[in-house]
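Student: Just one file: work_16.tsv, with TSV, C-alpha atoms.
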```
chain	number	residue	atom	x	y	z
A	12	MET	CA	38.76	-47.52	-42.02
A	13	VAL	CA	35.71	-49.66	-41.22
A	14	VAL	CA	33.01	-47.98	-39.17
A	15	ASN	CA	30.56	-50.00	-37.09
A	16	VAL	CA	27.34	-48.04	-37.33
A	17	GLY	CA	25.44	-50.24	-34.87
A	18	ASN	CA	22.32	-50.22	-37.03
A	19	THR	CA	19.84	-52.87	-35.90
A	20	GLY	CA	17.69	-52.62	-39.03
A	21	ASN	CA	18.17	-54.64	-42.18
A	22	VAL	CA	20.71	-53.78	-44.84
A	23	GLU	CA	18.17	-52.12	-47.11
A	24	SER	CA	16.83	-49.80	-44.42
A	25	ALA	CA	20.37	-48.91	-43.34
A	26	ALA	CA	21.29	-48.05	-46.91
A	27	ALA	CA	18.14	-45.96	-47.27
A	28	GLY	CA	18.97	-44.10	-44.05
A	29	ALA	CA	22.52	-43.36	-45.17
A	30	TRP	CA	21.21	-42.24	-48.57
A	31	GLY	CA	18.77	-39.85	-46.89
A	32	VAL	CA	21.50	-38.37	-44.70
A	33	ALA	CA	23.77	-37.91	-47.71
A	34	GLY	CA	21.02	-36.07	-49.56
A	35	ARG	CA	20.39	-33.88	-46.55
A	36	TYR	CA	24.02	-32.78	-46.44
A	37	ARG	CA	24.14	-32.13	-50.17
A	38	GLU	CA	20.95	-30.10	-49.89
A	39	PHE	CA	22.39	-28.13	-46.98
A	40	SER	CA	25.52	-27.38	-48.99
A	41	TRP	CA	23.56	-26.21	-52.02
A	42	ARG	CA	20.57	-24.47	-50.46
A	43	GLN	CA	21.88	-23.02	-47.22
A	44	ALA	CA	25.67	-22.76	-47.13
A	45	ARG	CA	26.33	-21.83	-50.77
A	46	GLY	CA	27.27	-18.19	-51.04
A	47	ARG	CA	27.13	-17.71	-47.27
A	48	CYS	CA	29.90	-19.91	-45.84
A	49	THR	CA	32.46	-21.51	-48.12
A	50	ALA	CA	33.79	-23.68	-45.29
A	51	HIS	CA	30.41	-25.26	-44.52
A	52	GLU	CA	29.54	-25.43	-48.21
A	53	GLU	CA	32.58	-27.58	-48.97
A	54	LEU	CA	32.48	-29.65	-45.78
A	55	SER	CA	28.80	-30.58	-46.05
A	56	ALA	CA	29.19	-31.39	-49.75
A	57	ARG	CA	32.09	-33.75	-48.95
A	58	ILE	CA	30.09	-35.45	-46.19
A	59	GLY	CA	27.23	-35.91	-48.66
A	60	GLN	CA	29.65	-37.83	-50.91
A	61	ASP	CA	31.05	-39.98	-48.07
A	62	PRO	CA	28.91	-43.17	-47.80
A	63	GLU	CA	30.83	-44.55	-44.82
A	64	LEU	CA	30.43	-41.41	-42.72
A	65	CYS	CA	26.77	-41.05	-43.71
A	66	ASP	CA	26.29	-44.68	-42.64
A	67	LEU	CA	27.71	-43.75	-39.22
A	68	LEU	CA	25.42	-40.71	-38.92
A	69	SER	CA	22.26	-42.54	-39.97
A	70	GLY	CA	22.99	-45.57	-37.82
A	71	SER	CA	23.87	-43.83	-34.56
A	72	LEU	CA	21.69	-40.70	-34.60
A	73	PRO	CA	17.88	-40.76	-34.43
A	74	ALA	CA	16.16	-39.57	-37.58
A	75	GLY	CA	14.90	-36.01	-37.59
A	76	ASP	CA	16.42	-33.00	-35.85
A	77	LYS	CA	19.47	-34.87	-34.52
A	78	GLN	CA	20.63	-35.54	-38.08
A	79	GLN	CA	20.72	-31.83	-38.96
A	80	PRO	CA	24.03	-30.88	-40.59
A	81	ASP	CA	24.24	-27.77	-38.36
A	82	LEU	CA	24.38	-29.97	-35.27
A	83	LEU	CA	27.28	-32.15	-36.40
A	84	LEU	CA	29.32	-29.23	-37.72
A	85	ALA	CA	28.77	-27.22	-34.53
A	86	ALA	CA	29.50	-30.20	-32.25
A	87	VAL	CA	32.93	-30.74	-33.83
A	88	ARG	CA	33.72	-27.02	-33.52
A	89	TYR	CA	32.48	-27.02	-29.91
A	90	LEU	CA	34.89	-29.87	-29.11
A	91	ASP	CA	37.80	-28.05	-30.79
A	92	GLY	CA	38.01	-30.45	-33.69
A	93	PRO	CA	40.48	-29.76	-36.52
A	94	HIS	CA	39.93	-26.74	-38.73
A	95	ALA	CA	37.25	-25.44	-36.35
A	96	GLU	CA	37.48	-21.84	-37.51
A	97	LEU	CA	38.14	-22.02	-41.25
A	98	GLY	CA	36.76	-25.44	-42.08
A	99	PRO	CA	38.61	-28.36	-43.70
A	100	ARG	CA	39.49	-27.17	-47.21
A	101	GLY	CA	40.85	-29.79	-49.61
A	102	ASP	CA	41.18	-33.57	-49.54
A	103	MET	CA	43.94	-33.77	-46.93
A	104	ALA	CA	42.22	-31.41	-44.50
A	105	TYR	CA	38.90	-33.23	-44.90
A	106	GLY	CA	40.67	-36.51	-44.20
A	107	ARG	CA	41.99	-35.12	-40.89
A	108	TRP	CA	38.56	-33.73	-39.97
A	109	ARG	CA	36.89	-37.03	-40.83
A	110	GLU	CA	39.44	-39.15	-38.92
A	111	TRP	CA	39.14	-36.93	-35.82
A	112	THR	CA	35.33	-36.99	-35.91
A	113	ILE	CA	35.15	-40.78	-36.17
A	114	ARG	CA	37.80	-41.27	-33.48
A	115	HIS	CA	35.91	-38.94	-31.11
A	116	TRP	CA	32.46	-40.06	-32.20
A	117	ASP	CA	31.18	-40.91	-28.71
A	118	GLU	CA	31.95	-37.35	-27.56
A	119	VAL	CA	30.55	-35.79	-30.71
A	120	ARG	CA	27.36	-37.83	-30.47
A	121	ALA	CA	26.91	-36.91	-26.80
A	122	VAL	CA	27.01	-33.20	-27.68
A	123	ILE	CA	24.55	-33.70	-30.55
A	124	MET	CA	22.12	-35.58	-28.32
A	125	GLN	CA	22.35	-32.95	-25.57
A	126	ARG	CA	22.15	-29.80	-27.70
A	127	SER	CA	19.86	-28.11	-30.20
A	128	ALA	CA	20.74	-26.29	-33.40
A	129	ARG	CA	18.44	-23.42	-32.44
A	130	THR	CA	20.41	-20.20	-32.04
A	131	ASP	CA	19.53	-16.60	-31.22
A	132	GLU	CA	20.12	-13.67	-33.55
A	133	PRO	CA	19.62	-10.59	-31.34
A	134	ALA	CA	19.89	-8.28	-34.38
A	135	HIS	CA	16.34	-9.39	-35.26
A	136	CYS	CA	15.32	-6.84	-32.64
A	137	ALA	CA	16.09	-4.14	-35.24
A	138	THR	CA	13.28	-5.49	-37.42
A	139	LEU	CA	10.86	-6.05	-34.53
A	140	LEU	CA	11.37	-2.64	-32.93
A	141	PRO	CA	9.27	-0.53	-35.37
A	142	LEU	CA	6.27	-2.71	-34.54
A	143	LEU	CA	6.92	-3.05	-30.81
A	144	ALA	CA	7.30	0.72	-30.39
A	145	ARG	CA	3.85	1.34	-31.96
A	146	LEU	CA	1.90	-1.06	-29.77
A	147	PRO	CA	0.11	0.11	-26.60
A	148	GLN	CA	2.64	0.26	-23.76
A	149	PRO	CA	3.76	-1.36	-21.50
A	150	LEU	CA	4.48	-4.69	-23.16
A	151	ALA	CA	4.68	-8.29	-22.02
A	152	LEU	CA	6.90	-10.14	-24.51
A	153	LEU	CA	6.53	-13.89	-25.07
A	154	GLU	CA	8.92	-15.46	-27.56
A	155	VAL	CA	8.05	-18.84	-29.03
A	156	GLY	CA	11.01	-20.96	-30.13
A	157	THR	CA	13.63	-19.03	-28.21
A	158	SER	CA	17.13	-20.26	-27.57
A	159	ALA	CA	18.85	-17.86	-25.18
A	160	GLY	CA	16.17	-15.18	-24.89
A	161	LEU	CA	18.36	-12.44	-26.39
A	162	CYS	CA	15.47	-11.16	-28.53
A	163	LEU	CA	13.45	-10.63	-25.34
A	164	HIS	CA	15.64	-7.62	-24.53
A	165	PRO	CA	15.06	-5.11	-27.36
A	166	ASP	CA	15.29	-2.32	-24.80
A	167	ARG	CA	18.89	-3.22	-23.91
A	168	TYR	CA	20.38	-2.42	-27.32
A	169	ARG	CA	20.97	0.61	-29.52
A	170	TYR	CA	19.79	0.90	-33.13
A	171	HIS	CA	20.87	2.78	-36.22
A	172	TYR	CA	18.43	2.74	-39.12
A	173	ARG	CA	20.15	3.74	-42.33
A	174	TYR	CA	18.81	4.46	-45.77
A	175	ALA	CA	18.39	1.77	-48.39
A	176	ASP	CA	16.60	1.92	-51.72
A	177	ASP	CA	13.24	0.21	-52.20
A	178	ARG	CA	14.97	-3.12	-52.80
A	179	GLY	CA	16.33	-3.06	-49.24
A	180	ALA	CA	19.78	-4.12	-50.40
A	181	GLY	CA	22.90	-4.07	-48.30
A	182	GLY	CA	23.27	-3.29	-44.64
A	183	GLY	CA	24.31	-5.19	-41.59
A	184	ALA	CA	24.03	-5.36	-37.82
A	185	LEU	CA	27.30	-4.71	-36.09
A	186	PRO	CA	28.65	-4.30	-32.56
A	187	GLY	CA	30.09	-0.82	-32.31
A	188	ASN	CA	30.88	1.54	-35.16
A	189	ALA	CA	33.68	0.06	-37.24
A	190	PRO	CA	35.34	2.89	-39.19
A	191	GLY	CA	34.83	2.62	-42.91
A	192	ASP	CA	32.16	-0.05	-42.65
A	193	ALA	CA	29.72	0.10	-45.55
A	194	LEU	CA	26.74	0.27	-43.24
A	195	GLN	CA	28.16	3.25	-41.41
A	196	ARG	CA	28.60	5.13	-44.68
A	197	ALA	CA	24.90	4.91	-45.47
A	198	PRO	CA	22.75	7.94	-44.49
A	199	LEU	CA	21.41	7.70	-40.93
A	200	ARG	CA	17.60	7.90	-40.79
A	201	ALA	CA	16.94	7.20	-37.11
A	202	GLU	CA	18.86	6.40	-33.93
A	203	VAL	CA	17.19	4.77	-30.95
A	204	GLY	CA	18.58	3.74	-27.57
A	205	GLU	CA	21.05	4.92	-24.99
A	206	PRO	CA	23.86	6.86	-26.77
A	207	GLY	CA	26.53	5.31	-24.55
A	208	ASN	CA	25.52	1.73	-25.36
A	209	PRO	CA	28.47	0.12	-27.20
A	210	LEU	CA	26.27	-2.45	-28.98
A	211	VAL	CA	24.62	-1.06	-32.12
A	212	PHE	CA	22.26	-3.04	-34.30
A	213	GLY	CA	22.11	-1.29	-37.63
A	214	GLY	CA	19.75	-2.15	-40.43
A	215	ARG	CA	19.10	-0.67	-43.86
A	216	THR	CA	15.54	0.28	-44.59
A	217	GLY	CA	13.37	2.26	-46.93
A	218	TRP	CA	10.78	2.72	-44.15
A	219	PRO	CA	9.73	6.40	-43.95
A	220	ALA	CA	11.93	8.18	-41.43
A	221	ASN	CA	8.96	9.76	-39.63
A	222	GLU	CA	7.54	6.27	-38.97
A	223	LEU	CA	10.70	4.74	-37.54
A	224	PRO	CA	10.76	4.43	-33.73
A	225	ASP	CA	12.13	7.32	-31.71
A	226	ARG	CA	12.10	5.52	-28.35
A	227	LEU	CA	12.51	2.06	-26.91
A	228	PRO	CA	9.47	0.05	-25.82
A	229	ARG	CA	8.61	-0.24	-22.14
A	230	ILE	CA	8.68	-3.92	-21.20
A	231	VAL	CA	7.40	-5.16	-17.85
A	232	TRP	CA	7.46	-8.93	-18.39
A	233	ARG	CA	9.41	-11.36	-20.56
A	234	GLY	CA	8.95	-15.06	-21.19
A	235	GLY	CA	10.16	-17.63	-23.67
A	236	ILE	CA	9.56	-21.24	-24.70
A	237	GLY	CA	12.27	-23.45	-26.19
A	238	LEU	CA	13.25	-27.08	-26.50
A	239	ASP	CA	16.65	-26.33	-25.00
A	240	PRO	CA	16.66	-22.84	-23.42
A	241	LEU	CA	20.13	-21.52	-22.69
A	242	ASP	CA	21.52	-18.95	-20.30
A	243	PRO	CA	24.77	-17.73	-21.90
A	244	ALA	CA	25.03	-14.79	-19.50
A	245	ALA	CA	25.37	-17.14	-16.53
A	246	GLU	CA	26.66	-20.36	-18.13
A	247	PRO	CA	29.92	-20.05	-20.12
A	248	ASP	CA	29.29	-23.47	-21.66
A	249	ASP	CA	25.99	-22.25	-23.13
A	250	LEU	CA	27.76	-19.26	-24.67
A	251	ARG	CA	30.43	-21.55	-26.09
A	252	TRP	CA	27.73	-23.66	-27.76
A	253	LEU	CA	26.02	-20.62	-29.27
A	254	GLN	CA	29.38	-19.46	-30.61
A	255	ALA	CA	29.99	-22.90	-32.13
A	256	LEU	CA	26.71	-22.55	-34.03
A	257	VAL	CA	27.93	-19.35	-35.70
A	258	TRP	CA	29.29	-20.34	-39.09
A	259	PRO	CA	33.06	-20.14	-39.68
A	260	GLY	CA	34.24	-16.83	-41.08
A	261	ASP	CA	31.29	-14.83	-39.73
A	262	GLY	CA	33.27	-12.81	-37.22
A	263	GLU	CA	30.71	-10.00	-37.15
A	264	ARG	CA	27.92	-12.31	-36.02
A	265	ALA	CA	30.13	-13.94	-33.40
A	266	ALA	CA	31.11	-10.53	-32.05
A	267	ARG	CA	27.58	-9.22	-31.81
A	268	LEU	CA	26.46	-12.43	-30.08
A	269	SER	CA	29.08	-11.93	-27.37
A	270	ALA	CA	28.25	-8.22	-27.12
A	271	ALA	CA	24.52	-8.93	-26.78
A	272	VAL	CA	25.18	-11.41	-23.97
A	273	ASP	CA	27.23	-8.74	-22.19
A	274	ALA	CA	24.40	-6.23	-22.70
A	275	VAL	CA	21.82	-8.43	-20.95
A	276	ARG	CA	24.12	-9.86	-18.27
A	277	SER	CA	22.88	-7.45	-15.59
A	278	ALA	CA	19.20	-7.69	-16.60
A	279	PRO	CA	16.72	-9.86	-14.68
A	280	ARG	CA	16.38	-13.25	-16.35
A	281	PRO	CA	13.25	-13.80	-18.46
A	282	ARG	CA	10.85	-16.57	-17.49
A	283	MET	CA	12.18	-19.42	-19.64
A	284	VAL	CA	10.21	-22.63	-20.12
A	285	ARG	CA	11.57	-25.84	-21.58
A	286	GLY	CA	9.16	-27.81	-23.73
A	287	ASP	CA	6.92	-27.99	-26.77
A	288	LEU	CA	5.70	-24.61	-27.93
A	289	LEU	CA	2.06	-25.67	-28.29
A	290	ASP	CA	1.95	-27.50	-24.98
A	291	GLU	CA	3.57	-24.74	-22.93
A	292	LEU	CA	2.15	-21.62	-24.58
A	293	PRO	CA	-1.23	-21.32	-22.78
A	294	ALA	CA	0.21	-21.54	-19.26
A	295	LEU	CA	3.06	-19.14	-19.95
A	296	ALA	CA	0.78	-16.61	-21.66
A	297	ALA	CA	-1.45	-16.68	-18.58
A	298	GLU	CA	1.50	-15.46	-16.47
A	299	ALA	CA	1.77	-12.18	-18.38
A	300	PRO	CA	0.52	-9.27	-16.21
A	301	PRO	CA	-3.01	-8.20	-17.19
A	302	GLU	CA	-2.13	-4.49	-17.36
A	303	ALA	CA	0.44	-5.10	-20.13
A	304	THR	CA	-0.09	-5.65	-23.85
A	305	LEU	CA	0.79	-9.29	-24.51
A	306	VAL	CA	2.94	-9.71	-27.63
A	307	ILE	CA	3.49	-13.28	-28.81
A	308	PHE	CA	6.33	-13.32	-31.33
A	309	HIS	CA	8.64	-15.74	-33.11
A	310	THR	CA	11.42	-15.57	-35.69
A	311	ASP	CA	12.26	-18.44	-38.04
A	312	ALA	CA	10.82	-20.84	-35.47
A	313	LEU	CA	8.01	-22.64	-37.32
A	314	ILE	CA	10.06	-24.17	-40.14
A	315	ASP	CA	10.54	-27.42	-38.22
A	316	LEU	CA	6.81	-27.88	-37.55
A	317	SER	CA	4.62	-29.90	-39.87
A	318	PRO	CA	1.94	-27.93	-41.78
A	319	ALA	CA	-0.72	-29.38	-39.50
A	320	ARG	CA	1.15	-28.29	-36.38
A	321	ARG	CA	1.63	-24.79	-37.81
A	322	GLU	CA	-2.11	-24.48	-38.35
A	323	GLU	CA	-2.73	-25.76	-34.83
A	324	PHE	CA	-0.28	-23.18	-33.50
A	325	ALA	CA	-2.05	-20.37	-35.40
A	326	ARG	CA	-5.42	-21.41	-33.98
A	327	LEU	CA	-3.95	-21.52	-30.47
A	328	VAL	CA	-2.44	-18.02	-30.72
A	329	ARG	CA	-5.73	-16.59	-32.03
A	330	SER	CA	-7.62	-18.25	-29.20
A	331	LEU	CA	-5.23	-17.00	-26.50
A	332	LEU	CA	-5.29	-13.40	-27.74
A	333	ASP	CA	-9.05	-13.36	-28.31
A	334	GLY	CA	-9.62	-14.71	-24.81
A	335	ARG	CA	-7.34	-12.22	-23.08
A	336	ALA	CA	-8.89	-9.14	-21.53
A	337	GLY	CA	-7.71	-6.29	-23.71
A	338	GLY	CA	-6.48	-8.68	-26.37
A	339	GLY	CA	-2.89	-8.67	-27.56
A	340	HIS	CA	-0.79	-8.91	-30.69
A	341	TRP	CA	1.01	-11.56	-32.72
A	342	ILE	CA	4.27	-10.81	-34.55
A	343	ALA	CA	5.61	-13.49	-36.88
A	344	ASN	CA	8.95	-13.17	-38.66
A	345	GLU	CA	9.15	-16.28	-40.81
A	346	HIS	CA	9.73	-17.40	-44.37
A	347	HIS	CA	6.48	-16.83	-46.23
A	348	SER	CA	6.26	-20.54	-47.11
A	349	VAL	CA	5.40	-21.42	-43.50
A	350	LEU	CA	2.80	-18.67	-43.00
A	351	SER	CA	-0.02	-20.32	-44.94
A	352	TRP	CA	-2.64	-18.19	-43.17
A	353	THR	CA	-1.19	-14.91	-44.49
A	354	THR	CA	-1.19	-13.45	-47.99
A	355	PRO	CA	2.20	-14.15	-49.62
A	356	PRO	CA	4.19	-10.93	-50.13
A	357	ALA	CA	4.18	-9.61	-53.68
A	358	HIS	CA	7.89	-9.77	-54.36
A	359	HIS	CA	10.12	-11.65	-56.72
A	360	PRO	CA	13.01	-13.32	-54.87
A	361	PRO	CA	16.34	-13.24	-56.67
A	362	HIS	CA	16.82	-16.98	-56.13
A	363	PRO	CA	14.45	-19.90	-55.56
A	364	ASP	CA	16.02	-20.40	-52.12
A	365	ASP	CA	15.46	-16.77	-51.12
A	366	ALA	CA	16.29	-16.34	-47.43
A	367	LEU	CA	14.19	-13.22	-46.78
A	368	LEU	CA	11.67	-13.49	-43.97
A	369	THR	CA	8.18	-12.02	-43.95
A	370	LEU	CA	7.35	-9.86	-40.94
A	371	ALA	CA	3.63	-10.04	-40.14
A	372	LEU	CA	1.57	-8.24	-37.51
A	373	ASP	CA	-1.65	-9.98	-36.50
A	374	GLU	CA	-1.46	-12.18	-39.61
A	375	ARG	CA	-0.99	-9.31	-42.08
A	376	PRO	CA	2.40	-9.01	-43.86
A	377	VAL	CA	4.20	-5.76	-43.02
A	378	ALA	CA	7.76	-6.09	-44.32
A	379	LEU	CA	10.46	-8.29	-45.76
A	380	THR	CA	13.44	-8.69	-43.45
A	381	GLY	CA	16.98	-10.01	-43.77
A	382	PRO	CA	17.72	-13.41	-42.21
A	383	HIS	CA	20.00	-11.76	-39.65
A	384	GLY	CA	18.01	-8.55	-39.14
A	385	GLU	CA	20.15	-6.60	-41.59
A	386	THR	CA	17.36	-5.22	-43.80
A	387	LEU	CA	13.78	-4.03	-43.34
A	388	ARG	CA	11.68	-3.37	-46.42
A	389	ARG	CA	8.12	-2.26	-45.80
A	390	LEU	CA	5.52	-3.82	-48.06
A	391	PRO	CA	2.91	-1.74	-49.93
A	392	GLY	CA	-0.11	-1.11	-47.72
A	393	ALA	CA	1.76	-1.82	-44.50
A	394	GLU	CA	0.89	1.64	-43.21
A	395	ASP	CA	-2.71	0.40	-42.87
A	396	VAL	CA	-1.48	-2.32	-40.50
A	397	THR	CA	1.01	-0.35	-38.44
A	398	GLY	CA	-0.95	2.88	-38.25
A	399	GLY	CA	1.67	4.80	-40.20
```
Would you mind writing the file out in structure tokens?
Tutor:
Amino acid sequence: MVVNVGNTGNVESAAAGAWGVAGRYREFSWRQARGRCTAHEELSARIGQDPELCDLLSGSLPAGDKQQPDLLLAAVRYLDGPHAELGPRGDMAYGRWREWTIRHWDEVRAVIMQRSARTDEPAHCATLLPLLARLPQPLALLEVGTSAGLCLHPDRYRYHYRYADDRGAGGGALPGNAPGDALQRAPLRAEVGEPGNPLVFGGRTGWPANELPDRLPRIVWRGGIGLDPLDPAAEPDDLRWLQALVWPGDGERAARLSAAVDAVRSAPRPRMVRGDLLDELPALAAEAPPEATLVIFHTDALIDLSPARREEFARLVRSLLDGRAGGGHWIANEHHSVLSWTTPPAHHPPHPDDALLTLALDERPVALTGPHGETLRRLPGAEDVTGG
């Protein structure tokens, strides 16, 4: 099959673009999908070895975010392409997936151009809660880099903190209490939230039990900034897109996403702003009520910014909090490689592509957290930061 990529550049630049896309998919397969999602690991590796398809992607999608592997894979799932749930395994299945994608390319491209790969993981609230509960109440929460604002509702969920050793291994964040689940067999250290709430975010932690939260924070204002803010509680199509972004085979994450949307459906909508996080942050922060403690927070949101933009963002947050009557607080939950203004945590990751995030309060590292909120390991000296 011959694909017309519509590339207006010369042959050399087109080849370079296709080569870059191929490398991006191979890198995604090796660094991100390997060990986490066999379907995406195989599919992205095959795309990375498919010059014709990479030529199509590089020639018809603008360079940058729109060439992210996550976007293409989610767009095909969103449109009910073949093997949407389990992924195309083997040569014959990949051939069907490839043929369908090329045949429906106009539709696939339209979804990619309209949507963002940014997704919400509401279970991150389990790692944020120990800090939020210790700050002066009430709170005004402002999330930078939000998608659907699900992390702006930590007071709508229930939490089980269970014991883990000092390595913080194991754990999970699940909707409900599945009998026999490994997380549920771990010793319970703290339970927070309304007992009748069917959605439970459970994380394993070695955090001292007497320093874990015993109540939910009191939140009087919520706001978020995102490039493509979604409202899955009111727009079924937005929920469908978020579900398409969940990797195949991760039924637990898909279930807790749906359950979190149900949990916030009756809550007043946060103030959601579409736009660049640096451009929109000052005006939105100014809307927070003066009697509340402003908390600017973000989770895995700075990775797509250049180092210079990250530094600019850090200066902006410092300036906004310093200039606010009564001050405020800054919670960052990011990979330590993007937090150049903090001291790197003294830990030895098991792999070079370690996915653990560093939780920092006012620029001081507090804990290492799982990428989906499943673990919370306090760092030495964190009690000096949190007041524990």
Student: Might you pull out every residue within 9 Å of His340 of chain A, with all atoms listed in the file counted and same-chain residues fewer than 5 positions away left off, and present them as an MDAnalysis selection string?
Tutor: chainID A and resid 146 304:308 332 372:373
Student: Restricting the calculation to only C-alpha atoms, which member of A:His164, A:Arg320, A:Arg215, A:Arg280 is positioned closest to Leu152 of chain A?
Tutor: A:His164
Student: Suppose you want the space between atom CA of Asp287 of chain A and atom CA of Pro240 of chain A; what is it in Å?
Tutor: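 Atom CA of Asp287 of chain A sits 11.5 Å away from atom CA of Pro240 of chain A.
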Student: Work out how far atom CA of Asp91 of chain A is from atom CA of Glu63 of chain A, in Å to one decimal.
Tutor: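 Here the two named atoms are 22.8 Å from each other.
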Student: Between A:Val231, A:Ala56, A:Leu90, A:Ala128, single out the one closest to Gln148 of chain A, counting only C-alpha atoms.
Tutor: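 Among the listed residues, the smallest separation from Gln148 of chain A belongs to A:Val231.
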Student: In Å, with one decimal, what is the gap from atom CA of Leu250 of chain A to atom CA of Thr369 of chain A?
Tutor: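 Spanning atom CA of Leu250 of chain A to atom CA of Thr369 of chain A is a straight-line distance of 28.4 Å.
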Student: Set the distance at 12 Å and use all atoms listed in the file: which residues neighbour Leu316 of chain A once local chain neighbours fewer than 4 positions away are removed? I'd like the list as a list in words.
Tutor: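 Surrounding residues, per the criterion: Gly75, Asp76, Gly156, Asp287, Leu288, Leu289, Asp311, Ala312, Arg320, Arg321, Glu322, Glu323, Phe324, Ala325, Val349 and Leu350 of chain A.
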